[in-house]
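S.K.: Structure supplied as model30.txt; contents: compact mmCIF, C-alpha atoms.
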# COMPACT_ATOMS: atom_id res chain seq x y z
CA MET Y 1 -17.65 39.54 -13.93
CA PRO Y 2 -18.78 43.17 -13.99
CA LEU Y 3 -22.13 44.70 -14.79
CA THR Y 4 -22.90 44.01 -18.43
CA LYS Y 5 -23.44 46.56 -21.19
CA ARG Y 6 -27.09 46.71 -22.20
CA ILE Y 7 -28.59 46.49 -25.67
CA ILE Y 8 -31.92 48.27 -25.87
CA PRO Y 9 -34.24 48.05 -28.85
CA CYS Y 10 -36.41 51.14 -29.06
CA LEU Y 11 -39.95 50.96 -30.31
CA ASP Y 12 -41.45 54.23 -31.43
CA ILE Y 13 -45.21 54.05 -30.99
CA LYS Y 14 -47.78 55.92 -32.99
CA ASP Y 15 -51.47 55.12 -32.60
CA GLY Y 16 -50.59 51.87 -30.80
CA GLN Y 17 -48.27 50.62 -33.56
CA THR Y 18 -44.48 50.51 -33.80
CA VAL Y 19 -42.95 52.91 -36.27
CA LYS Y 20 -39.48 54.18 -36.96
CA GLY Y 21 -38.79 57.70 -38.09
CA ILE Y 22 -35.77 58.37 -40.23
CA ASN Y 23 -34.41 61.74 -39.09
CA PHE Y 24 -37.68 62.07 -37.19
CA VAL Y 25 -39.68 62.71 -40.35
CA ASN Y 26 -40.60 59.85 -42.67
CA ILE Y 27 -42.55 57.28 -40.72
CA GLN Y 28 -43.20 53.67 -41.64
CA ALA Y 29 -45.18 51.11 -39.64
CA VAL Y 30 -43.29 48.00 -38.45
CA GLY Y 31 -45.68 46.09 -36.24
CA ASP Y 32 -47.42 45.32 -32.97
CA PRO Y 33 -45.39 46.62 -30.00
CA VAL Y 34 -46.14 43.75 -27.62
CA GLU Y 35 -45.35 41.11 -30.23
CA LEU Y 36 -42.17 42.85 -31.30
CA GLY Y 37 -41.11 43.56 -27.70
CA SER Y 38 -41.64 39.93 -26.67
CA ARG Y 39 -39.59 38.77 -29.62
CA TYR Y 40 -36.75 41.07 -28.64
CA ALA Y 41 -36.92 39.92 -25.01
CA GLN Y 42 -36.65 36.30 -26.11
CA MET Y 43 -33.74 37.10 -28.38
CA GLY Y 44 -31.72 38.68 -25.60
CA ALA Y 45 -32.66 42.35 -25.43
CA ASP Y 46 -31.65 43.67 -22.01
CA GLU Y 47 -34.34 46.31 -21.79
CA LEU Y 48 -36.86 47.93 -24.06
CA VAL Y 49 -37.86 51.53 -24.62
CA PHE Y 50 -41.32 52.46 -25.90
CA LEU Y 51 -41.66 56.06 -27.03
CA ASP Y 52 -45.07 57.47 -27.75
CA ILE Y 53 -43.78 59.74 -30.48
CA THR Y 54 -46.96 61.65 -31.03
CA ALA Y 55 -48.01 61.95 -27.40
CA THR Y 56 -47.11 65.61 -27.18
CA HIS Y 57 -49.83 66.36 -29.64
CA GLU Y 58 -52.34 63.58 -29.35
CA LYS Y 59 -54.27 61.80 -26.68
CA ARG Y 60 -52.44 59.17 -24.72
CA LYS Y 61 -54.91 56.99 -22.89
CA THR Y 62 -54.43 54.15 -25.35
CA PHE Y 63 -50.72 54.32 -24.61
CA ALA Y 64 -51.31 53.59 -20.91
CA GLU Y 65 -53.39 50.58 -21.91
CA LEU Y 66 -50.57 49.42 -24.16
CA VAL Y 67 -48.12 49.83 -21.26
CA THR Y 68 -50.17 47.43 -19.17
CA ARG Y 69 -50.23 44.88 -21.99
CA ILE Y 70 -46.45 45.19 -22.31
CA ALA Y 71 -45.95 44.72 -18.55
CA GLN Y 72 -48.17 41.65 -18.57
CA HIS Y 73 -46.35 39.93 -21.39
CA ILE Y 74 -42.72 40.98 -21.19
CA ASN Y 75 -40.38 39.81 -18.42
CA ILE Y 76 -37.57 42.33 -18.82
CA PRO Y 77 -37.52 45.98 -17.75
CA PHE Y 78 -38.90 48.68 -19.99
CA THR Y 79 -38.97 52.45 -20.11
CA VAL Y 80 -41.79 54.49 -21.57
CA GLY Y 81 -41.66 58.05 -22.73
CA GLY Y 82 -43.09 60.65 -25.02
CA GLY Y 83 -44.97 63.76 -24.03
CA ILE Y 84 -44.64 63.24 -20.28
CA SER Y 85 -45.09 66.60 -18.61
CA SER Y 86 -46.32 66.05 -15.06
CA VAL Y 87 -46.14 63.92 -11.94
CA ASP Y 88 -49.65 62.71 -12.80
CA ASP Y 89 -48.55 61.50 -16.26
CA VAL Y 90 -45.78 59.50 -14.62
CA SER Y 91 -48.03 58.13 -11.95
CA VAL Y 92 -50.42 56.79 -14.61
CA LEU Y 93 -47.62 55.11 -16.58
CA LEU Y 94 -45.85 53.59 -13.57
CA ASN Y 95 -49.16 52.32 -12.25
CA ALA Y 96 -49.85 50.86 -15.67
CA GLY Y 97 -46.71 48.76 -15.18
CA ALA Y 98 -43.78 50.70 -16.63
CA ASP Y 99 -40.44 50.28 -14.82
CA LYS Y 100 -39.04 53.65 -15.79
CA ILE Y 101 -40.26 56.73 -17.56
CA SER Y 102 -38.34 59.16 -19.71
CA VAL Y 103 -38.86 62.89 -19.70
CA ASN Y 104 -37.59 65.19 -22.39
CA SER Y 105 -39.10 68.52 -23.49
CA ALA Y 106 -41.13 69.13 -20.34
CA ALA Y 107 -38.04 68.75 -18.16
CA VAL Y 108 -36.18 71.38 -20.18
CA ARG Y 109 -39.11 73.76 -19.85
CA ASN Y 110 -39.53 72.96 -16.15
CA PRO Y 111 -36.41 71.36 -14.63
CA GLN Y 112 -38.13 71.14 -11.24
CA LEU Y 113 -40.19 68.32 -12.75
CA ILE Y 114 -37.14 66.05 -12.54
CA ASN Y 115 -36.78 66.82 -8.86
CA ASP Y 116 -40.48 66.23 -8.21
CA LEU Y 117 -40.39 62.89 -10.03
CA ALA Y 118 -37.23 61.73 -8.28
CA LYS Y 119 -38.69 62.58 -4.89
CA GLN Y 120 -42.00 60.93 -5.54
CA PHE Y 121 -40.92 57.82 -7.45
CA GLY Y 122 -37.14 57.54 -6.92
CA SER Y 123 -34.29 58.43 -9.26
CA GLN Y 124 -34.06 54.84 -10.47
CA CYS Y 125 -37.16 55.28 -12.61
CA VAL Y 126 -36.43 58.77 -13.95
CA VAL Y 127 -34.65 58.70 -17.31
CA LEU Y 128 -33.76 62.04 -18.84
CA ALA Y 129 -34.02 61.85 -22.63
CA VAL Y 130 -32.00 64.45 -24.51
CA ASP Y 131 -32.26 65.08 -28.25
CA THR Y 132 -29.21 67.00 -29.29
CA LYS Y 133 -27.64 68.45 -32.40
CA PHE Y 134 -24.26 70.05 -33.11
CA VAL Y 135 -25.00 73.69 -33.94
CA ASN Y 136 -22.36 76.39 -34.42
CA GLY Y 137 -19.70 74.37 -32.64
CA GLU Y 138 -21.84 73.30 -29.68
CA TRP Y 139 -24.16 70.44 -28.75
CA ILE Y 140 -27.57 72.04 -28.21
CA VAL Y 141 -30.73 70.51 -26.74
CA PHE Y 142 -33.78 70.24 -29.01
CA LEU Y 143 -37.40 69.88 -27.94
CA ASN Y 144 -40.56 68.21 -29.17
CA GLY Y 145 -39.00 65.27 -30.95
CA GLY Y 146 -36.25 67.40 -32.43
CA ARG Y 147 -38.51 70.06 -33.88
CA ILE Y 148 -37.62 73.01 -31.65
CA PRO Y 149 -34.06 74.22 -30.94
CA THR Y 150 -33.17 75.72 -27.57
CA GLU Y 151 -30.21 77.65 -26.27
CA VAL Y 152 -29.50 74.98 -23.67
CA ARG Y 153 -26.08 73.35 -23.92
CA THR Y 154 -26.25 69.58 -23.68
CA TYR Y 155 -23.27 69.10 -21.34
CA GLU Y 156 -24.62 71.64 -18.88
CA TRP Y 157 -28.15 70.28 -19.08
CA VAL Y 158 -27.28 66.66 -18.32
CA LYS Y 159 -25.21 67.63 -15.30
CA ARG Y 160 -27.97 69.81 -13.94
CA ALA Y 161 -30.56 67.10 -14.58
CA VAL Y 162 -28.51 64.54 -12.66
CA ASP Y 163 -28.15 66.99 -9.76
CA LEU Y 164 -31.94 67.34 -9.81
CA GLY Y 165 -32.39 63.58 -9.59
CA ALA Y 166 -32.32 62.03 -13.06
CA GLY Y 167 -31.19 58.41 -12.66
CA GLU Y 168 -30.15 57.75 -16.23
CA ILE Y 169 -29.52 59.69 -19.44
CA LEU Y 170 -30.88 58.61 -22.82
CA LEU Y 171 -28.74 60.61 -25.22
CA THR Y 172 -29.82 60.89 -28.86
CA SER Y 173 -27.68 62.64 -31.41
CA MET Y 174 -30.04 63.93 -34.06
CA ASP Y 175 -27.06 64.37 -36.36
CA HIS Y 176 -26.45 60.63 -36.22
CA ASP Y 177 -29.97 59.27 -35.85
CA GLY Y 178 -31.07 57.41 -38.95
CA THR Y 179 -27.71 57.75 -40.71
CA LYS Y 180 -26.38 54.26 -39.84
CA ALA Y 181 -22.91 55.83 -39.82
CA GLY Y 182 -22.23 55.12 -36.15
CA PHE Y 183 -23.09 56.61 -32.76
CA ALA Y 184 -21.91 60.03 -31.60
CA VAL Y 185 -18.97 58.45 -29.79
CA GLU Y 186 -17.23 61.62 -28.62
CA LEU Y 187 -20.45 63.22 -27.38
CA THR Y 188 -21.37 60.03 -25.54
CA ARG Y 189 -17.97 59.80 -23.88
CA MET Y 190 -18.07 63.43 -22.76
CA VAL Y 191 -21.52 62.99 -21.25
CA SER Y 192 -20.75 59.61 -19.70
CA GLU Y 193 -17.61 60.90 -18.03
CA SER Y 194 -19.32 64.02 -16.73
CA VAL Y 195 -22.24 62.37 -14.92
CA SER Y 196 -22.46 59.76 -12.17
CA VAL Y 197 -25.44 57.91 -13.69
CA PRO Y 198 -25.64 55.45 -16.61
CA VAL Y 199 -25.78 56.81 -20.16
CA ILE Y 200 -27.72 55.15 -22.96
CA ALA Y 201 -26.32 56.08 -26.37
CA SER Y 202 -28.85 56.46 -29.16
CA GLY Y 203 -28.81 57.32 -32.83
CA GLY Y 204 -26.67 56.16 -35.69
CA ALA Y 205 -26.08 52.44 -35.21
CA GLY Y 206 -25.49 50.80 -38.58
CA ASN Y 207 -23.29 47.82 -37.89
CA MET Y 208 -21.97 45.76 -35.00
CA ASP Y 209 -18.66 47.62 -34.77
CA HIS Y 210 -20.59 50.81 -34.03
CA PHE Y 211 -21.75 49.18 -30.79
CA VAL Y 212 -18.21 48.14 -29.89
CA ASP Y 213 -17.07 51.74 -30.49
CA VAL Y 214 -19.77 53.36 -28.38
CA PHE Y 215 -19.13 50.99 -25.47
CA GLU Y 216 -15.34 51.05 -25.58
CA GLN Y 217 -14.56 54.58 -26.76
CA GLY Y 218 -17.89 56.22 -25.96
CA LYS Y 219 -18.04 54.75 -22.41
CA ALA Y 220 -21.76 54.15 -22.88
CA ASP Y 221 -23.49 51.92 -20.34
CA ALA Y 222 -26.16 50.93 -22.84
CA ALA Y 223 -26.85 51.37 -26.52
CA LEU Y 224 -30.20 51.84 -28.15
CA ALA Y 225 -31.27 51.18 -31.71
CA ALA Y 226 -34.51 50.75 -33.58
CA SER Y 227 -34.70 50.13 -37.31
CA LEU Y 228 -31.61 47.90 -37.34
CA PHE Y 229 -33.51 45.45 -35.18
CA HIS Y 230 -36.96 46.06 -36.67
CA TYR Y 231 -35.76 45.27 -40.17
CA GLY Y 232 -33.58 42.39 -39.04
CA GLU Y 233 -30.39 44.01 -40.31
CA ILE Y 234 -28.70 42.95 -37.09
CA GLU Y 235 -30.03 40.08 -34.98
CA LEU Y 236 -29.63 40.48 -31.23
CA PRO Y 237 -27.91 37.10 -30.61
CA ASP Y 238 -25.37 37.86 -33.35
CA LEU Y 239 -24.69 41.31 -31.94
CA LYS Y 240 -24.17 40.00 -28.43
CA GLY Y 241 -21.90 37.21 -29.60
CA TYR Y 242 -19.87 39.73 -31.57
CA LEU Y 243 -19.60 42.13 -28.62
CA ARG Y 244 -18.41 39.34 -26.35
CA SER Y 245 -15.84 38.26 -28.94
CA LYS Y 246 -14.53 41.84 -28.85
CA GLY Y 247 -14.21 41.79 -25.07
CA VAL Y 248 -17.38 43.74 -24.26
CA GLU Y 249 -19.23 42.18 -21.31
CA VAL Y 250 -22.77 41.34 -22.32
CA ARG Y 251 -25.50 39.06 -21.04
CA ILE Y 252 -25.87 35.99 -23.25
CA MET H 253 -51.70 28.34 -3.49
CA ASN H 254 -52.44 31.45 -1.45
CA VAL H 255 -49.74 34.01 -2.28
CA VAL H 256 -49.95 37.43 -0.67
CA ILE H 257 -47.96 40.46 -1.76
CA ILE H 258 -47.56 42.98 1.04
CA LYS H 259 -49.06 46.32 0.09
CA TYR H 260 -47.21 49.37 1.35
CA ASN H 261 -45.91 52.68 0.05
CA ALA H 262 -43.15 51.26 -2.13
CA GLY H 263 -43.62 50.81 -5.84
CA ASN H 264 -43.25 48.04 -8.37
CA ILE H 265 -45.99 45.82 -6.97
CA ARG H 266 -47.71 45.54 -10.33
CA SER H 267 -44.61 44.03 -11.96
CA VAL H 268 -44.61 41.31 -9.32
CA ILE H 269 -48.32 40.65 -9.83
CA PHE H 270 -47.80 40.29 -13.59
CA ALA H 271 -44.77 38.04 -13.14
CA LEU H 272 -46.81 35.73 -10.92
CA GLU H 273 -49.67 35.77 -13.44
CA ARG H 274 -47.22 34.62 -16.12
CA ILE H 275 -46.57 31.51 -14.03
CA GLY H 276 -50.25 30.97 -13.35
CA ILE H 277 -50.53 32.43 -9.84
CA LYS H 278 -53.19 34.97 -8.94
CA ALA H 279 -51.70 36.76 -5.93
CA THR H 280 -53.56 38.83 -3.37
CA VAL H 281 -52.22 42.29 -2.59
CA SER H 282 -52.97 43.25 0.99
CA ASP H 283 -51.95 45.25 4.04
CA ASP H 284 -54.42 43.36 6.25
CA PRO H 285 -52.48 41.49 8.98
CA GLN H 286 -54.94 38.58 8.98
CA VAL H 287 -54.74 38.12 5.22
CA ILE H 288 -50.94 38.30 5.26
CA LYS H 289 -50.60 35.86 8.15
CA ALA H 290 -52.94 33.36 6.45
CA ALA H 291 -50.84 33.22 3.26
CA ASP H 292 -48.93 30.13 2.13
CA LYS H 293 -46.22 32.37 0.73
CA VAL H 294 -45.59 36.05 1.29
CA ILE H 295 -43.81 38.39 -1.10
CA PHE H 296 -42.42 41.68 0.21
CA PRO H 297 -41.47 43.69 -2.89
CA GLY H 298 -40.17 47.19 -3.11
CA VAL H 299 -38.71 50.04 -5.02
CA GLY H 300 -38.32 53.17 -2.98
CA GLU H 301 -36.54 54.72 -0.06
CA ALA H 302 -35.78 52.80 3.15
CA SER H 303 -36.61 55.29 5.92
CA SER H 304 -39.98 56.36 4.53
CA ALA H 305 -40.87 52.72 3.85
CA MET H 306 -39.98 51.76 7.45
CA LEU H 307 -41.99 54.68 8.81
CA TYR H 308 -45.00 53.57 6.78
CA LEU H 309 -44.66 49.92 7.87
CA LYS H 310 -44.56 51.02 11.53
CA GLU H 311 -47.55 53.32 11.15
CA LYS H 312 -49.57 50.47 9.69
CA GLY H 313 -48.27 47.92 12.20
CA LEU H 314 -46.91 45.89 9.30
CA ASP H 315 -43.45 45.71 10.90
CA LYS H 316 -44.77 43.41 13.63
CA VAL H 317 -46.80 41.41 11.13
CA ILE H 318 -43.75 40.74 8.95
CA CYS H 319 -41.62 39.81 11.96
CA SER H 320 -44.25 37.29 13.05
CA LEU H 321 -44.37 35.42 9.72
CA GLN H 322 -43.55 31.71 9.82
CA GLN H 323 -44.23 30.85 6.18
CA PRO H 324 -41.67 31.29 3.37
CA THR H 325 -41.34 35.02 2.74
CA LEU H 326 -39.45 36.63 -0.14
CA GLY H 327 -38.10 40.16 0.09
CA ILE H 328 -37.24 41.80 -3.21
CA CYS H 329 -34.82 44.74 -3.61
CA LEU H 330 -35.90 47.35 -1.03
CA GLY H 331 -37.94 44.53 0.54
CA MET H 332 -34.68 42.64 1.04
CA GLN H 333 -32.97 45.65 2.57
CA LEU H 334 -35.87 46.23 4.95
CA LEU H 335 -35.54 42.65 6.23
CA CYS H 336 -31.97 43.50 7.30
CA SER H 337 -31.02 45.15 10.58
CA HIS H 338 -30.07 48.63 9.43
CA SER H 339 -29.78 50.74 6.29
CA GLU H 340 -27.47 53.66 5.65
CA GLU H 341 -30.21 55.11 3.46
CA ASN H 342 -31.22 57.94 5.80
CA ASP H 343 -29.70 55.92 8.67
CA VAL H 344 -32.72 53.80 9.56
CA ASP H 345 -33.15 50.71 11.70
CA CYS H 346 -34.97 48.07 9.68
CA LEU H 347 -36.84 44.91 10.60
CA GLY H 348 -33.77 43.02 11.81
CA LEU H 349 -34.88 39.60 10.56
CA ILE H 350 -31.58 39.08 8.78
CA PRO H 351 -28.53 40.26 10.76
CA GLN H 352 -26.91 42.29 8.01
CA LYS H 353 -26.29 45.99 7.50
CA VAL H 354 -27.13 47.76 4.27
CA LYS H 355 -24.58 50.29 3.03
CA LYS H 356 -24.28 52.80 0.22
CA PHE H 357 -22.09 51.79 -2.70
CA PRO H 358 -18.78 53.67 -2.52
CA ALA H 359 -18.22 56.01 -5.48
CA SER H 360 -15.37 53.73 -6.50
CA ALA H 361 -17.84 50.90 -7.24
CA GLY H 362 -19.03 52.62 -10.41
CA LYS H 363 -22.09 54.58 -11.39
CA VAL H 364 -24.75 54.58 -8.70
CA PRO H 365 -27.40 53.27 -8.79
CA GLN H 366 -26.19 50.08 -10.38
CA ILE H 367 -28.65 49.54 -13.22
CA GLY H 368 -28.61 46.45 -15.36
CA TRP H 369 -27.80 42.77 -15.65
CA ASN H 370 -25.12 41.30 -13.43
CA ASP H 371 -24.29 37.68 -12.71
CA ILE H 372 -24.89 35.74 -9.51
CA SER H 373 -22.72 32.97 -8.14
CA GLY H 374 -22.06 30.92 -5.00
CA LEU H 375 -25.71 29.88 -5.21
CA LYS H 376 -26.78 27.92 -2.15
CA SER H 377 -30.49 27.78 -1.57
CA PRO H 378 -33.47 25.84 -2.91
CA ILE H 379 -34.66 29.09 -4.51
CA PHE H 380 -31.74 28.69 -6.91
CA ALA H 381 -32.52 25.07 -7.81
CA ASN H 382 -31.57 24.44 -11.45
CA ILE H 383 -30.22 27.98 -11.83
CA PRO H 384 -26.71 27.78 -13.32
CA GLU H 385 -23.85 29.61 -11.62
CA HIS H 386 -23.17 33.01 -13.25
CA SER H 387 -26.74 33.43 -14.45
CA TYR H 388 -27.66 37.03 -15.19
CA VAL H 389 -30.34 38.88 -13.26
CA TYR H 390 -31.51 42.49 -13.28
CA PHE H 391 -30.41 44.91 -10.56
CA VAL H 392 -31.40 48.51 -9.82
CA HIS H 393 -30.03 49.76 -6.50
CA GLY H 394 -27.72 52.21 -4.80
CA TYR H 395 -27.34 50.36 -1.49
CA TYR H 396 -26.08 46.85 -0.83
CA ALA H 397 -25.84 44.20 1.86
CA ALA H 398 -22.29 43.01 2.44
CA TYR H 399 -21.23 39.38 2.17
CA GLY H 400 -22.03 37.53 5.38
CA ALA H 401 -23.13 34.35 7.11
CA ASN H 402 -26.62 34.60 5.59
CA THR H 403 -25.45 35.14 2.03
CA ILE H 404 -26.91 32.61 -0.42
CA ALA H 405 -25.69 34.28 -3.63
CA THR H 406 -23.11 36.91 -4.41
CA THR H 407 -22.49 39.39 -7.15
CA THR H 408 -19.81 41.98 -7.81
CA TYR H 409 -20.11 45.70 -8.46
CA GLY H 410 -16.79 47.20 -7.49
CA LEU H 411 -16.94 44.88 -4.48
CA GLU H 412 -18.44 41.46 -3.85
CA TYR H 413 -21.70 41.61 -1.91
CA SER H 414 -24.90 39.69 -1.20
CA ALA H 415 -27.16 39.22 -4.22
CA ALA H 416 -29.40 37.13 -1.96
CA LEU H 417 -29.77 36.37 1.74
CA GLN H 418 -31.64 33.81 3.80
CA LYS H 419 -32.42 33.37 7.45
CA ASP H 420 -34.90 30.72 8.48
CA ASN H 421 -38.11 31.28 6.47
CA PHE H 422 -36.98 34.69 5.20
CA PHE H 423 -35.51 34.72 1.70
CA ALA H 424 -34.33 37.92 0.13
CA VAL H 425 -32.98 38.95 -3.24
CA GLN H 426 -31.39 42.27 -4.14
CA PHE H 427 -32.20 41.84 -7.84
CA HIS H 428 -35.62 41.86 -9.46
CA PRO H 429 -36.69 38.30 -10.34
CA GLU H 430 -39.92 39.69 -11.77
CA LYS H 431 -37.84 41.52 -14.41
CA SER H 432 -35.04 39.00 -14.88
CA GLY H 433 -36.37 37.10 -17.85
CA ASP H 434 -36.60 33.31 -17.72
CA VAL H 435 -34.00 33.03 -14.92
CA GLY H 436 -36.02 35.33 -12.68
CA GLN H 437 -39.20 33.45 -13.46
CA LYS H 438 -37.54 30.17 -12.45
CA ILE H 439 -36.38 31.71 -9.15
CA LEU H 440 -39.95 32.81 -8.39
CA GLU H 441 -41.23 29.32 -9.25
CA ASN H 442 -38.59 27.81 -6.95
CA PHE H 443 -39.66 30.09 -4.11
CA LEU H 444 -43.32 29.23 -4.62
CA SER H 445 -42.55 25.50 -4.55
CA LEU H 446 -40.70 25.67 -1.20
Write out the structure in this file as structure tokens.
M.R.:
Amino acid sequence: MPLTKRIIPCLDIKDGQTVKGINFVNIQAVGDPVELGSRYAQMGADELVFLDITATHEKRKTFAELVTRIAQHINIPFTVGGGISSVDDVSVLLNAGADKISVNSAAVRNPQLINDLAKQFGSQCVVLAVDTKFVNGEWIVFLNGGRIPTEVRTYEWVKRAVDLGAGEILLTSMDHDGTKAGFAVELTRMVSESVSVPVIASGGAGNMDHFVDVFEQGKADAALAASLFHYGEIELPDLKGYLRSKGVEVRI
Amino acid sequence: MNVVIIKYNAGNIRSVIFALERIGIKATVSDDPQVIKAADKVIFPGVGEASSAMLYLKEKGLDKVICSLQQPTLGICLGMQLLCSHSEENDVDCLGLIPQKVKKFPASAGKVPQIGWNDISGLKSPIFANIPEHSYVYFVHGYYAAYGANTIATTTYGLEYSAALQKDNFFAVQFHPEKSGDVGQKILENFLSL
């Protein structure tokens, strides 16, 4: 059997609590991150992502403490991200017990950061997160949780980031995020086929067929979703059973 | 039980400490030869790069310490690769405790590093007691040890290779039991009860 496709619940963290933004704006609390993460791990999540969504603007020491609590209680891999801008930030989070870190805005502003992180900690723990939106016929990279547009083209950016040492790409289509109308399948496929590292598709999952589509047509290696799981709209065991019934290799 | 985790310049030690805590073991992390030699069980973890890890082990004299161990010793991921004879990762001679060469995945295998859950089979070791064939465990690696006489579990990523190796008291797993859910926890418990 081959390597399985991964299902990754994402927990957005604000002030130590899990929240989910719809189109990155309206925010609603959905619970304790360690409790929720443990529940997902028991139900068959393959990995977890914890994003400190306000870290760019607020203090983050409590987040490092939360990371340690997560590492103590959860026996599957997890990535943490949000506002990471230096080797020191990463060092703190990896030492706190994170398996991987994701960098986003800071890497666009200073691409050398990716190289520094890969050299110091290894590519396997460096996830490049990209928030992207289709603007004037092109996929463009956005910064600061989708608040600031750039002139950077997404396809060019991911290739460059992989050359610099990114070990994985977490690709979020802002046009799809929160819509529940399906992942950005074509974007995901283009990115997945243009880089040599795994691609995690994010944004837009609304039903189980959307996952089948993003794995089969989108060539994603993993798919990430948040509110679907937080609100129990799709249960992980049901999703995995469905994927397997459709011929997608998953861990059950 | 006195479990010692070897401290060196490779990462991921904290995950192993926490995994052992979850099964009620308070491990000691040390690079002191006397402390390591006195352990009931030794764990040699690792996430990192082979040649710099070997250089560090030699500088600290830990290479000789590891080679002298008689008690059950478990190499994890890079730790496993370092127990082998040679790694293609910057062409470095390793500890040579398990006669196996570590090679880079060919591009045809798929995306490198392999990241994620893959299944293990052909399980033949007490560390896999009560682990069903085709159980899933978590891998993150770009280099692999081929199938050989010391293979105690295999997996497939483009090609079939060693998911685990054993020679005498040296056990080694390419995957991360500390991150492999309940299956990984059981494998750690099995190792500790050897």
S.K.: Dump as a PyMOL selection string all residues having an atom at most 10 Å from (-35.4, 35.1, -13.7), computed in the file's coordinates with all atoms listed in the file.
M.R.: (chain Y and resi 75-76) or (chain H and resi 271+383+387-390+427-441)
S.K.: Select all residues from chain Y having any atom no more than 8 Å from an atom of chain H (counting all atoms listed in the file, ignoring ligands), output as a ChimeraX atom specification.
M.R.: /Y:1-6,41,46,71-73,75-77,95-97,99,121-122,124,167,196-198,251
S.K.: Point out the residue among Y:Gly204, Y:Pro111, Y:Gly137, Y:Pro9 with the least atom-to-atom distance to Val158 in chain Y, counting all atoms listed in the file.
M.R.: Y:Pro111
S.K.: Counting all atoms listed in the file, which of H:Cys329, H:Gln322, H:Lys289, H:Ile258 gets nearest to Leu309 in chain H?
M.R.: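 For Leu309 in chain H, the nearest of the given residues is H:Ile258.
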S.K.: Point out the residue among H:Tyr260, H:Ala291, H:Gly327, H:Ile275 with the least atom-to-atom distance to Lys310 in chain H, counting all atoms listed in the file.
M.R.: H:Tyr260
S.K.: Which residue, Y:Lys246, Y:Arg189, Y:Arg147, Y:Lys240, has the smallest gap to Met43 in chain Y when you use all atoms listed in the file?
M.R.: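 Going through Y:Lys246, Y:Arg189, Y:Arg147, Y:Lys240 one by one, the smallest distance to Met43 in chain Y is for Y:Lys240.
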S.K.: Which is closest to Ala220 in chain Y among Y:Arg244, Y:Asp177, Y:Gly31, Y:Leu171, if we use all atoms listed in the file?
M.R.: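 Of Y:Arg244, Y:Asp177, Y:Gly31, Y:Leu171, the one nearest Ala220 in chain Y is Y:Leu171, counting all atoms listed in the file.
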S.K.: Taking only C-alpha atoms into account, name the residue in Y:Ala106, Y:Leu36, Y:Met174, Y:Ile140 that is nearest to Gln17 in chain Y.
M.R.: Y:Leu36
S.K.: Go ahead and find all residues with at least one atom no further than 10 Å from (-23.7, 40.1, -31.8) in the file's coordinates, using only C-alpha atoms; report them as a ChimeraX atom specification.
M.R.: /Y:207-209,211-212,234-246,250,252
S.K.: Find the distance between CA of Thr406 in chain H and CA of Ala45 in chain Y and write it in Å to one decimal.
M.R.: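 Straight-line distance from CA of Thr406 in chain H to CA of Ala45 in chain Y works out to 23.7 Å.
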